[in-house]
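Engineer: This is model.pdb, which holds PDB, C-alpha atoms:
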```
ATOM      1  CA  MET A 961      68.047 -13.446  -0.515
ATOM      2  CA  GLY A 962      64.881 -15.108   0.776
ATOM      3  CA  THR A 963      61.770 -15.476  -1.322
ATOM      4  CA  PRO A 964      59.047 -12.871  -0.773
ATOM      5  CA  PHE A 965      56.270 -13.673   1.667
ATOM      6  CA  PRO A 966      53.890 -15.924  -0.320
ATOM      7  CA  GLY A 967      50.573 -14.902   1.265
ATOM      8  CA  PRO A 968      48.100 -12.540  -0.408
ATOM      9  CA  VAL A 969      48.844  -8.880  -0.098
ATOM     10  CA  ARG A 970      45.964  -7.611   1.967
ATOM     11  CA  LYS A 971      45.050  -4.035   1.483
ATOM     12  CA  ASP A 972      41.773  -2.949   2.989
ATOM     13  CA  MET A 973      39.770  -0.351   1.193
ATOM     14  CA  LYS A 974      37.454   2.042   2.859
ATOM     15  CA  ALA A 975      34.247   3.227   1.342
ATOM     16  CA  ARG A 976      31.674   5.797   2.309
ATOM     17  CA  VAL A 977      28.125   5.528   1.014
ATOM     18  CA  PHE A 978      25.784   8.516   1.108
ATOM     19  CA  VAL A 979      22.088   7.661   1.012
ATOM     20  CA  THR A 980      19.669  10.550   0.514
ATOM     21  CA  LEU A 981      16.054  10.954  -0.490
ATOM     22  CA  LYS A 982      15.440  11.526  -4.184
ATOM     23  CA  ASN A 983      14.556  15.015  -5.279
ATOM     24  CA  GLY A 984      10.844  15.563  -4.994
ATOM     25  CA  VAL A 985      10.368  13.027  -2.195
ATOM     26  CA  LEU A 986       9.068  14.852   0.864
ATOM     27  CA  ASP A 987      11.515  14.802   3.784
ATOM     28  CA  PRO A 988       9.591  15.613   6.983
ATOM     29  CA  GLN A 989      12.708  15.164   9.138
ATOM     30  CA  GLY A 990      14.694  17.608   7.020
ATOM     31  CA  LYS A 991      11.807  20.044   7.275
ATOM     32  CA  ALA A 992      11.716  19.763  11.065
ATOM     33  CA  ILE A 993      15.486  20.334  11.249
ATOM     34  CA  GLY A 994      15.082  23.437   9.082
ATOM     35  CA  HIS A 995      12.326  24.788  11.331
ATOM     36  CA  ALA A 996      14.460  24.119  14.413
ATOM     37  CA  LEU A 997      17.457  25.917  12.901
ATOM     38  CA  ASN A 998      15.281  28.893  11.981
ATOM     39  CA  GLY A 999      13.966  28.866  15.555
ATOM     40  CA  LEU A1000      17.537  29.025  16.863
ATOM     41  CA  GLY A1001      18.056  32.207  14.915
ATOM     42  CA  PHE A1002      19.816  30.769  11.865
ATOM     43  CA  SER A1003      17.613  32.764   9.577
ATOM     44  CA  SER A1004      19.681  32.071   6.478
ATOM     45  CA  VAL A1005      18.624  28.403   6.449
ATOM     46  CA  GLY A1006      16.349  27.478   3.585
ATOM     47  CA  GLU A1007      15.400  23.921   2.623
ATOM     48  CA  VAL A1008      17.092  21.141   4.617
ATOM     49  CA  ARG A1009      17.340  17.538   3.425
ATOM     50  CA  GLN A1010      18.804  14.833   5.622
ATOM     51  CA  GLY A1011      20.282  11.452   4.792
ATOM     52  CA  LYS A1012      22.611   8.715   6.006
ATOM     53  CA  VAL A1013      26.305   8.037   5.796
ATOM     54  CA  ILE A1014      27.461   4.412   5.886
ATOM     55  CA  ASP A1015      31.179   3.666   6.297
ATOM     56  CA  LEU A1016      32.402   0.266   5.155
ATOM     57  CA  GLU A1017      35.722  -1.541   5.214
ATOM     58  CA  LEU A1018      36.328  -3.846   2.261
ATOM     59  CA  ASN A1019      38.877  -6.590   1.881
ATOM     60  CA  GLU A1020      39.471  -5.716  -1.742
ATOM     61  CA  THR A1021      42.359  -4.264  -3.725
ATOM     62  CA  ASP A1022      40.720  -3.646  -7.089
ATOM     63  CA  ALA A1023      38.891  -0.312  -7.084
ATOM     64  CA  GLY A1024      36.724  -1.286 -10.053
ATOM     65  CA  LYS A1025      35.559  -4.473  -8.391
ATOM     66  CA  ALA A1026      34.964  -2.655  -5.121
ATOM     67  CA  LYS A1027      32.789  -0.043  -6.852
ATOM     68  CA  ALA A1028      30.748  -2.684  -8.638
ATOM     69  CA  GLU A1029      30.255  -4.565  -5.416
ATOM     70  CA  LEU A1030      29.276  -1.420  -3.524
ATOM     71  CA  LYS A1031      26.749  -0.547  -6.208
ATOM     72  CA  ALA A1032      25.191  -3.997  -5.829
ATOM     73  CA  MET A1033      25.092  -3.523  -2.036
ATOM     74  CA  CYS A1034      23.295  -0.208  -2.453
ATOM     75  CA  ASP A1035      20.747  -1.582  -4.902
ATOM     76  CA  LYS A1036      20.093  -4.676  -2.805
ATOM     77  CA  LEU A1037      20.048  -3.318   0.722
ATOM     78  CA  LEU A1038      21.689  -0.025   1.627
ATOM     79  CA  ALA A1039      19.277   2.191  -0.304
ATOM     80  CA  ASN A1040      15.629   1.801  -1.223
ATOM     81  CA  THR A1041      15.800   3.104  -4.772
ATOM     82  CA  VAL A1042      12.056   3.754  -4.856
ATOM     83  CA  ILE A1043      12.667   6.774  -2.626
ATOM     84  CA  GLU A1044      16.416   7.094  -2.180
ATOM     85  CA  LYS A1045      19.531   7.765  -4.248
ATOM     86  CA  TYR A1046      23.102   6.999  -3.287
ATOM     87  CA  GLU A1047      26.651   8.084  -3.918
ATOM     88  CA  ILE A1048      29.744   5.965  -3.369
ATOM     89  CA  GLU A1049      33.109   7.322  -2.290
ATOM     90  CA  LEU A1050      36.188   5.059  -2.241
ATOM     91  CA  LYS A1051      39.146   5.944  -0.061
TER      92      LYS A1051
ATOM     93  CA  MET B1444      -7.949 -22.428   5.960
ATOM     94  CA  LYS B1445      -4.367 -23.265   6.897
ATOM     95  CA  SER B1446      -2.200 -20.335   7.828
ATOM     96  CA  ALA B1447       1.299 -19.446   8.931
ATOM     97  CA  VAL B1448       2.633 -16.403  10.783
ATOM     98  CA  ILE B1449       6.243 -15.432  10.162
ATOM     99  CA  VAL B1450       8.182 -14.688  13.345
ATOM    100  CA  PHE B1451      10.829 -12.015  12.925
ATOM    101  CA  PRO B1452      12.925 -10.891  15.872
ATOM    102  CA  ALA B1453      11.210  -7.831  17.406
ATOM    103  CA  ALA B1454       8.037  -8.185  15.356
ATOM    104  CA  ASN B1455       5.838  -8.074  18.427
ATOM    105  CA  CYS B1456       2.423  -8.528  16.802
ATOM    106  CA  ASP B1457       2.986 -12.115  15.702
ATOM    107  CA  ARG B1458       1.020 -13.433  18.651
ATOM    108  CA  ASP B1459      -1.823 -10.971  18.085
ATOM    109  CA  ALA B1460      -2.052 -12.406  14.572
ATOM    110  CA  LYS B1461      -1.977 -15.938  15.992
ATOM    111  CA  VAL B1462      -4.814 -15.251  18.436
ATOM    112  CA  ALA B1463      -6.920 -13.585  15.732
ATOM    113  CA  LEU B1464      -6.375 -16.485  13.312
ATOM    114  CA  GLU B1465      -7.225 -19.003  16.023
ATOM    115  CA  GLN B1466     -10.440 -17.174  16.843
ATOM    116  CA  MET B1467     -11.463 -16.751  13.242
ATOM    117  CA  THR B1468     -10.418 -20.080  11.718
ATOM    118  CA  GLY B1469     -10.606 -22.400  14.717
ATOM    119  CA  GLN B1470      -7.109 -23.637  13.869
ATOM    120  CA  SER B1471      -3.727 -22.594  15.173
ATOM    121  CA  PRO B1472      -1.475 -21.029  12.560
ATOM    122  CA  ARG B1473       2.007 -22.425  12.109
ATOM    123  CA  MET B1474       4.578 -20.035  13.570
ATOM    124  CA  VAL B1475       7.535 -19.927  11.169
ATOM    125  CA  TRP B1476      10.920 -18.592  12.246
ATOM    126  CA  HIS B1477      12.569 -16.045   9.928
ATOM    127  CA  GLN B1478      15.621 -18.255   9.383
ATOM    128  CA  ASP B1479      13.561 -21.148   8.033
ATOM    129  CA  SER B1480      13.915 -21.432   4.298
ATOM    130  CA  GLU B1481      10.747 -23.466   3.798
ATOM    131  CA  LEU B1482       7.114 -22.799   4.554
ATOM    132  CA  PRO B1483       4.662 -25.449   5.705
ATOM    133  CA  ASP B1484       1.825 -26.243   3.298
ATOM    134  CA  VAL B1485      -0.527 -23.341   4.031
ATOM    135  CA  ASP B1486      -3.053 -21.171   2.184
ATOM    136  CA  LEU B1487      -2.250 -17.884   3.897
ATOM    137  CA  VAL B1488       1.019 -16.380   5.129
ATOM    138  CA  VAL B1489       0.809 -13.441   7.536
ATOM    139  CA  LEU B1490       3.699 -11.011   7.947
ATOM    140  CA  PRO B1491       2.886  -9.444  11.308
ATOM    141  CA  GLY B1492       3.307  -5.967  12.701
ATOM    142  CA  GLY B1493       6.112  -4.854  14.961
ATOM    143  CA  PHE B1494       9.646  -3.603  14.621
ATOM    144  CA  SER B1495      11.533  -6.428  12.931
ATOM    145  CA  TYR B1496      15.297  -6.134  13.436
ATOM    146  CA  GLY B1497      14.700  -2.970  15.437
ATOM    147  CA  ASP B1498      13.814  -1.086  12.240
ATOM    148  CA  TYR B1499      17.564  -0.921  11.525
ATOM    149  CA  LEU B1500      18.538   0.812   8.280
ATOM    150  CA  ARG B1501      14.905   1.169   7.157
ATOM    151  CA  CYS B1502      11.693  -0.409   8.440
ATOM    152  CA  GLY B1503      11.373  -3.877   6.936
ATOM    153  CA  ALA B1504      14.705  -3.708   5.081
ATOM    154  CA  MET B1505      16.475  -6.402   7.080
ATOM    155  CA  ALA B1506      13.449  -8.682   7.296
ATOM    156  CA  SER B1507      13.018  -8.493   3.515
ATOM    157  CA  GLN B1508      16.442 -10.149   3.154
ATOM    158  CA  SER B1509      15.773 -12.985   5.597
ATOM    159  CA  ALA B1510      15.773 -16.621   4.455
ATOM    160  CA  VAL B1511      12.055 -17.103   4.908
ATOM    161  CA  MET B1512      11.209 -14.276   2.495
ATOM    162  CA  LYS B1513      12.435 -16.321  -0.460
ATOM    163  CA  ALA B1514       9.849 -18.943   0.493
ATOM    164  CA  VAL B1515       7.185 -16.257   0.961
ATOM    165  CA  LYS B1516       7.942 -14.911  -2.532
ATOM    166  CA  ALA B1517       7.680 -18.418  -3.980
ATOM    167  CA  HIS B1518       4.347 -18.878  -2.150
ATOM    168  CA  ALA B1519       3.067 -15.595  -3.623
ATOM    169  CA  ASP B1520       4.347 -16.496  -7.111
ATOM    170  CA  LYS B1521       2.293 -19.694  -6.954
ATOM    171  CA  GLY B1522      -0.803 -17.628  -6.126
ATOM    172  CA  GLY B1523      -0.732 -18.241  -2.364
ATOM    173  CA  MET B1524      -2.266 -15.533  -0.179
ATOM    174  CA  VAL B1525      -0.021 -13.147   1.750
ATOM    175  CA  LEU B1526      -1.240 -10.557   4.251
ATOM    176  CA  GLY B1527       1.267  -7.979   5.502
ATOM    177  CA  ILE B1528       0.134  -5.869   8.444
ATOM    178  CA  CYS B1529       1.973  -2.675   9.446
ATOM    179  CA  ASN B1530       5.637  -3.765   9.606
ATOM    180  CA  GLY B1531       4.549  -6.660   7.389
ATOM    181  CA  PHE B1532       3.428  -4.105   4.764
ATOM    182  CA  GLN B1533       6.841  -2.443   5.047
ATOM    183  CA  VAL B1534       8.526  -5.838   4.522
ATOM    184  CA  LEU B1535       6.372  -6.421   1.424
ATOM    185  CA  THR B1536       7.364  -3.115  -0.187
ATOM    186  CA  GLU B1537      11.035  -3.587   0.755
ATOM    187  CA  SER B1538      11.021  -7.052  -0.806
ATOM    188  CA  GLY B1539       9.364  -5.850  -3.992
ATOM    189  CA  LEU B1540       6.177  -7.882  -3.523
ATOM    190  CA  LEU B1541       4.250  -4.611  -3.426
ATOM    191  CA  PRO B1542       5.125  -1.331  -5.167
ATOM    192  CA  GLY B1543       6.058   1.917  -3.423
ATOM    193  CA  ALA B1544       7.581   2.571  -0.018
ATOM    194  CA  LEU B1545       6.501   3.526   3.491
ATOM    195  CA  MET B1546       8.145   6.657   4.782
ATOM    196  CA  ARG B1547       8.295   8.593   8.032
ATOM    197  CA  ASN B1548       4.882   9.971   8.993
ATOM    198  CA  ALA B1549       4.436  13.489   7.657
ATOM    199  CA  GLY B1550       3.818  14.771  11.212
ATOM    200  CA  LEU B1551       6.962  12.938  12.443
ATOM    201  CA  LYS B1552       5.031  11.457  15.362
ATOM    202  CA  PHE B1553       4.238   7.826  16.066
ATOM    203  CA  VAL B1554       0.471   7.549  15.616
ATOM    204  CA  CYS B1555      -1.393   5.010  17.752
ATOM    205  CA  LYS B1556      -5.180   5.271  17.601
ATOM    206  CA  PRO B1557      -8.273   3.818  15.972
ATOM    207  CA  VAL B1558      -8.826   5.356  12.529
ATOM    208  CA  ALA B1559     -11.749   5.374  10.130
ATOM    209  CA  LEU B1560     -11.109   3.601   6.843
ATOM    210  CA  SER B1561     -13.151   3.425   3.735
ATOM    211  CA  VAL B1562     -13.321   0.051   1.984
ATOM    212  CA  GLU B1563     -12.646   0.957  -1.628
ATOM    213  CA  GLU B1564     -12.584  -2.407  -3.367
ATOM    214  CA  THR B1565     -14.369  -5.605  -2.441
ATOM    215  CA  GLN B1566     -13.738  -7.756  -5.525
ATOM    216  CA  ASN B1567     -10.789  -9.539  -3.958
ATOM    217  CA  ALA B1568      -9.994 -12.338  -1.541
ATOM    218  CA  PHE B1569      -9.386 -10.002   1.385
ATOM    219  CA  ALA B1570     -12.404  -7.688   1.378
ATOM    220  CA  ARG B1571     -15.346  -9.522  -0.148
ATOM    221  CA  HIS B1572     -17.163  -9.576   3.198
ATOM    222  CA  TYR B1573     -17.156  -5.791   3.353
ATOM    223  CA  GLU B1574     -19.386  -3.513   1.340
ATOM    224  CA  LYS B1575     -17.907  -1.089  -1.138
ATOM    225  CA  GLY B1576     -17.689   2.330   0.483
ATOM    226  CA  GLN B1577     -18.259   0.894   3.977
ATOM    227  CA  GLU B1578     -16.617   2.816   6.801
ATOM    228  CA  ILE B1579     -14.751   0.664   9.288
ATOM    229  CA  THR B1580     -12.663   1.509  12.341
ATOM    230  CA  VAL B1581      -9.295  -0.182  12.674
ATOM    231  CA  PRO B1582      -6.345   0.870  14.854
ATOM    232  CA  VAL B1583      -3.041   2.110  13.469
ATOM    233  CA  ALA B1584       0.228   2.096  15.403
ATOM    234  CA  HIS B1585       3.187   3.269  13.367
ATOM    235  CA  GLY B1586       5.811   5.944  12.888
ATOM    236  CA  GLU B1587       6.449   5.118   9.250
ATOM    237  CA  GLY B1588       3.203   4.538   7.445
ATOM    238  CA  ASN B1589       3.375   7.361   4.953
ATOM    239  CA  TYR B1590       2.789   5.528   1.676
ATOM    240  CA  TYR B1591       4.792   6.859  -1.244
ATOM    241  CA  ALA B1592       4.858   5.869  -4.891
ATOM    242  CA  ASP B1593       5.343   7.886  -8.069
ATOM    243  CA  ASP B1594       2.247   9.269  -9.777
ATOM    244  CA  ALA B1595       2.290   6.647 -12.538
ATOM    245  CA  THR B1596       2.271   3.849  -9.940
ATOM    246  CA  LEU B1597      -0.500   5.526  -7.927
ATOM    247  CA  ASP B1598      -2.591   5.960 -11.086
ATOM    248  CA  ARG B1599      -2.072   2.313 -11.949
ATOM    249  CA  LEU B1600      -3.024   1.151  -8.422
ATOM    250  CA  GLU B1601      -6.222   3.183  -8.561
ATOM    251  CA  GLY B1602      -7.020   2.304 -12.176
ATOM    252  CA  GLU B1603      -6.623  -1.397 -11.505
ATOM    253  CA  GLY B1604      -8.750  -1.363  -8.359
ATOM    254  CA  ARG B1605      -5.816  -2.228  -6.116
ATOM    255  CA  VAL B1606      -6.361   0.403  -3.407
ATOM    256  CA  VAL B1607      -8.447  -1.633  -0.970
ATOM    257  CA  PHE B1608      -8.463   0.700   2.047
ATOM    258  CA  ARG B1609      -8.203   4.476   2.311
ATOM    259  CA  TYR B1610      -8.015   6.685   5.386
ATOM    260  CA  ARG B1611     -10.999   8.940   5.918
ATOM    261  CA  ASP B1612      -8.785  11.325   7.884
ATOM    262  CA  ASN B1613      -5.200  10.753   6.763
ATOM    263  CA  PRO B1614      -3.026  10.230   9.906
ATOM    264  CA  ASN B1615       0.401   9.999   8.248
ATOM    265  CA  GLY B1616       0.552  11.872   4.950
ATOM    266  CA  SER B1617       0.059   8.797   2.749
ATOM    267  CA  ALA B1618      -0.265   9.528  -0.938
ATOM    268  CA  ARG B1619      -3.940   9.637  -1.940
ATOM    269  CA  ASP B1620      -4.924   8.554   1.591
ATOM    270  CA  ILE B1621      -3.802   4.996   0.852
ATOM    271  CA  ALA B1622      -3.984   2.585   3.803
ATOM    272  CA  GLY B1623      -3.813  -0.776   2.014
ATOM    273  CA  ILE B1624      -2.978  -2.070  -1.465
ATOM    274  CA  LEU B1625      -2.945  -5.282  -3.494
ATOM    275  CA  ASN B1626      -0.289  -6.636  -5.850
ATOM    276  CA  ASP B1627      -1.158  -7.047  -9.521
ATOM    277  CA  LYS B1628      -2.234 -10.668  -9.042
ATOM    278  CA  ARG B1629      -4.427  -9.648  -6.077
ATOM    279  CA  ASN B1630      -3.112 -12.340  -3.775
ATOM    280  CA  VAL B1631      -0.855 -10.081  -1.685
ATOM    281  CA  LEU B1632      -2.352  -7.354   0.525
ATOM    282  CA  GLY B1633      -0.331  -4.882   2.561
ATOM    283  CA  MET B1634      -2.017  -2.511   5.004
ATOM    284  CA  MET B1635      -0.831  -0.238   7.805
ATOM    285  CA  PRO B1636      -3.924  -0.587  10.064
ATOM    286  CA  HIS B1637      -4.193  -3.690  12.259
ATOM    287  CA  PRO B1638      -7.282  -5.799  11.443
ATOM    288  CA  GLU B1639      -6.060  -8.550  13.799
ATOM    289  CA  ARG B1640      -6.604  -6.174  16.733
ATOM    290  CA  VAL B1641     -10.309  -5.830  16.027
ATOM    291  CA  VAL B1642     -11.701  -9.330  15.818
ATOM    292  CA  ASP B1643     -12.862  -9.509  19.428
ATOM    293  CA  PRO B1644     -15.129  -6.880  21.050
ATOM    294  CA  ILE B1645     -12.993  -7.129  24.186
ATOM    295  CA  THR B1646     -10.206  -5.251  22.353
ATOM    296  CA  GLY B1647     -12.466  -2.489  21.143
ATOM    297  CA  GLY B1648     -14.144  -3.570  17.930
ATOM    298  CA  THR B1649     -14.897  -6.240  15.380
ATOM    299  CA  ASP B1650     -14.367  -4.456  12.070
ATOM    300  CA  GLY B1651     -11.378  -6.671  11.261
ATOM    301  CA  ARG B1652     -13.436  -9.862  11.284
ATOM    302  CA  ALA B1653     -14.749  -9.466   7.744
ATOM    303  CA  LEU B1654     -11.191  -9.474   6.378
ATOM    304  CA  PHE B1655     -10.520 -12.886   7.884
ATOM    305  CA  GLN B1656     -13.992 -14.118   6.906
ATOM    306  CA  SER B1657     -13.235 -13.063   3.332
ATOM    307  CA  LEU B1658     -10.050 -15.117   3.331
ATOM    308  CA  ILE B1659     -11.720 -18.116   4.938
ATOM    309  CA  GLU B1660     -14.499 -18.074   2.354
ATOM    310  CA  THR B1661     -12.050 -17.650  -0.521
ATOM    311  CA  LEU B1662      -9.748 -20.404   0.652
ATOM    312  CA  SER B1663     -12.201 -23.076   1.743
TER     313      SER B1663
END
```
Render the structure in this file as structure tokens.
Structural biologist:
Amino acid sequence: MGTPFPGPVRKDMKARVFVTLKNGVLDPQGKAIGHALNGLGFSSVGEVRQGKVIDLELNETDAGKAKAELKAMCDKLLANTVIEKYEIELK
Amino acid sequence: MKSAVIVFPAANCDRDAKVALEQMTGQSPRMVWHQDSELPDVDLVVLPGGFSYGDYLRCGAMASQSAVMKAVKAHADKGGMVLGICNGFQVLTESGLLPGALMRNAGLKFVCKPVALSVEETQNAFARHYEKGQEITVPVAHGEGNYYADDATLDRLEGEGRVVFRYRDNPNGSARDIAGILNDKRNVLGMMPHPERVVDPITGGTDGRALFQSLIETLS
């Protein structure tokens, strides 16, 4: 039998980062969306908060490492932690 | 006074800053590209207004990570003067040189008009040529100038005399009507209004001149 292929096993991970405004930080865009929905007749709509979703592909196989790296990405660039919070989802 | 203006892609007020500095100091500022990792030997660095990197992700977020910002931080750490105008203010908060953040205007609209400001503090390098309590008129042009910081930070800014300019009629929802603030060492000023647009009467006013005169006097 031949030897197994010697190259690295590449398994891309996918991550989804949710960035939203912290509680208590005024969200004028969310407010405007809420007003618009009420205006369209969706009278059940109360407070609306909006945020961002960022999808990333990672060349990483270790979920722990990927999470740590994603956290660093969020703290450094993806979120402004003065006003925003984030959640990381690995797929 | 030797000065430099940082040139970020899509920061369209860099040349306004250049013209104002030329008029006020009689010398051309050095225009420094955002990818340069070194600054020339200057007294003042200006981060101009505009829409650096197309405001992608958040206003000022991308510019705050550019190579030149490391040099700007080092310049500020050594006590060098830094003036961030509009997008430049956003870059300063994103890079941690100033506290707080600039959020979407409370009214959601881009606001472009001359506004009345009150000069709150004059014991600093940027405002000594104004009088305390003086009302000046300086244009704003921004969609995200709504200054936010937690109450403890706002109390500290006010207690330490670091709120230099306040809006008389708040155009964007800024906390405590804040239009411009200093860092704790008082050598970094960020402001949303554009003083560089009011140094020549031909563009509608001269209330920005005293800011540059203050810097010239401090630095010469």
Engineer: Report as an mmCIF file with C-alpha atoms, in the frame of the given file the full result of the PyMOL selection byres ((chain A and resi 972) around 6) when it is applied to this structure.
Structural biologist:
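Result file is part.cif:
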```cif
data_model
loop_
_atom_site.group_PDB
_atom_site.id
_atom_site.type_symbol
_atom_site.label_atom_id
_atom_site.label_comp_id
_atom_site.auth_asym_id
_atom_site.auth_seq_id
_atom_site.Cartn_x
_atom_site.Cartn_y
_atom_site.Cartn_z
ATOM 1 C CA LYS A 971 45.050 -4.035 1.483
ATOM 2 C CA MET A 973 39.770 -0.351 1.193
ATOM 3 C CA LEU A 1018 36.328 -3.846 2.261
ATOM 4 C CA ASN A 1019 38.877 -6.590 1.881
ATOM 5 C CA GLU A 1020 39.471 -5.716 -1.742
#
```
Engineer: Fewer than 2 positions away in the same chain doesn't count, so skip those; otherwise give me all residues within 6 Å of region 1526-1542 of chain B, counting only C-alpha atoms, as a list of chain:residue names.
Structural biologist: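 With the cut-off at 6 Å, the set is B:Val1489, B:Leu1490, B:Pro1491, B:Gly1492, B:Gly1493, B:Gly1503, B:Ala1504, B:Ser1507, B:Ala1544, B:Asn1626, B:Val1631, B:Leu1632, B:Gly1633, B:Met1634, B:Met1635.
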Engineer: Please, what distance in Å, to one decimal, runs between CA of Val1488 (chain B) and CA of Asn1040 (chain A)?
Structural biologist: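 Computing the Euclidean distance for CA of Val1488 (chain B) and CA of Asn1040 (chain A) yields 24.2 Å.
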Engineer: Identify every residue of chain A that has at least one atom within 10 Å of any atom of chain B, counting only C-alpha atoms, and report the result as a list in words.
Structural biologist: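 Matching residues, ligands excluded from the count: Gly984, Val985, Leu986, Asp987, Pro988, Gln989, Lys991, Ala992, Lys1012, Ile1014, Lys1036, Leu1037, Leu1038, Ala1039, Asn1040, Thr1041, Val1042 and Ile1043 of chain A.
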Engineer: Taking (0.5, -20.1, -1.5) as a centre in this file's frame and 9 Å as the limit, can you find every polymer residue with an atom that close, using only C-alpha atoms, and give them as a PyMOL selection string?
Structural biologist: chain B and resi 1484-1488+1515+1517-1525+1630
Engineer: If I take CA of Ile1579 (chain B) and CA of Leu1560 (chain B), how far is one from the other in Å, to one decimal?
Structural biologist: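 Calculated distance between CA of Ile1579 (chain B) and CA of Leu1560 (chain B) is 5.3 Å.
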Engineer: Grab all the atoms of region 1647-1657 of chain B that the file lists, wrap them in a box along x, y and z, add 5 Å per side, and give me centre plus edge lengths in Å (one decimal) as AutoDock Vina command-line options.
Structural biologist:
```
--center_x -12.7 --center_y -8.3 --center_z 12.2 --size_x 14.4 --size_y 21.6 --size_z 27.8
```
Engineer: Figure out the distance between CA of Thr1646 (chain B) and CA of Arg1605 (chain B), please, to one decimal in Å.
Structural biologist: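 Separation between CA of Arg1605 (chain B) and CA of Thr1646 (chain B): 29.0 Å.
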Engineer: Here's the selection I'm unsure about, the PyMOL selection byres ((chain B and resi 1619) around 12); applied to the file above, which residues does it give, as a PyMOL selection string?
Structural biologist: chain B and resi 1589-1594+1596-1598+1600-1601+1606+1608-1618+1620-1624
Engineer: Can you pull out every residue within 7 Å of Gly1651 (chain B), counting only C-alpha atoms, but drop anything in the same chain fewer than 5 positions away, and send it as an NGL selection string?
Structural biologist: :B and (1581 or 1638-1639 or 1641-1642)
Engineer: List as number ranges by chain the protein and nucleic acid residues near Phe978 (chain A), meaning an atom at most 8 Å away when all atoms listed in the file are counted, but skip any in the same chain fewer than 4 places from it.
Structural biologist: A: 1011-1014, 1046-1048
Engineer: Identify which of the residues B:Val1607, B:Val1554, B:Met1467, B:Val1448 lies closest to Gln1566 (chain B), counting all atoms listed in the file when measuring atom-to-atom distances.
Structural biologist: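 Closest residue, counting all atoms listed in the file: B:Val1607.
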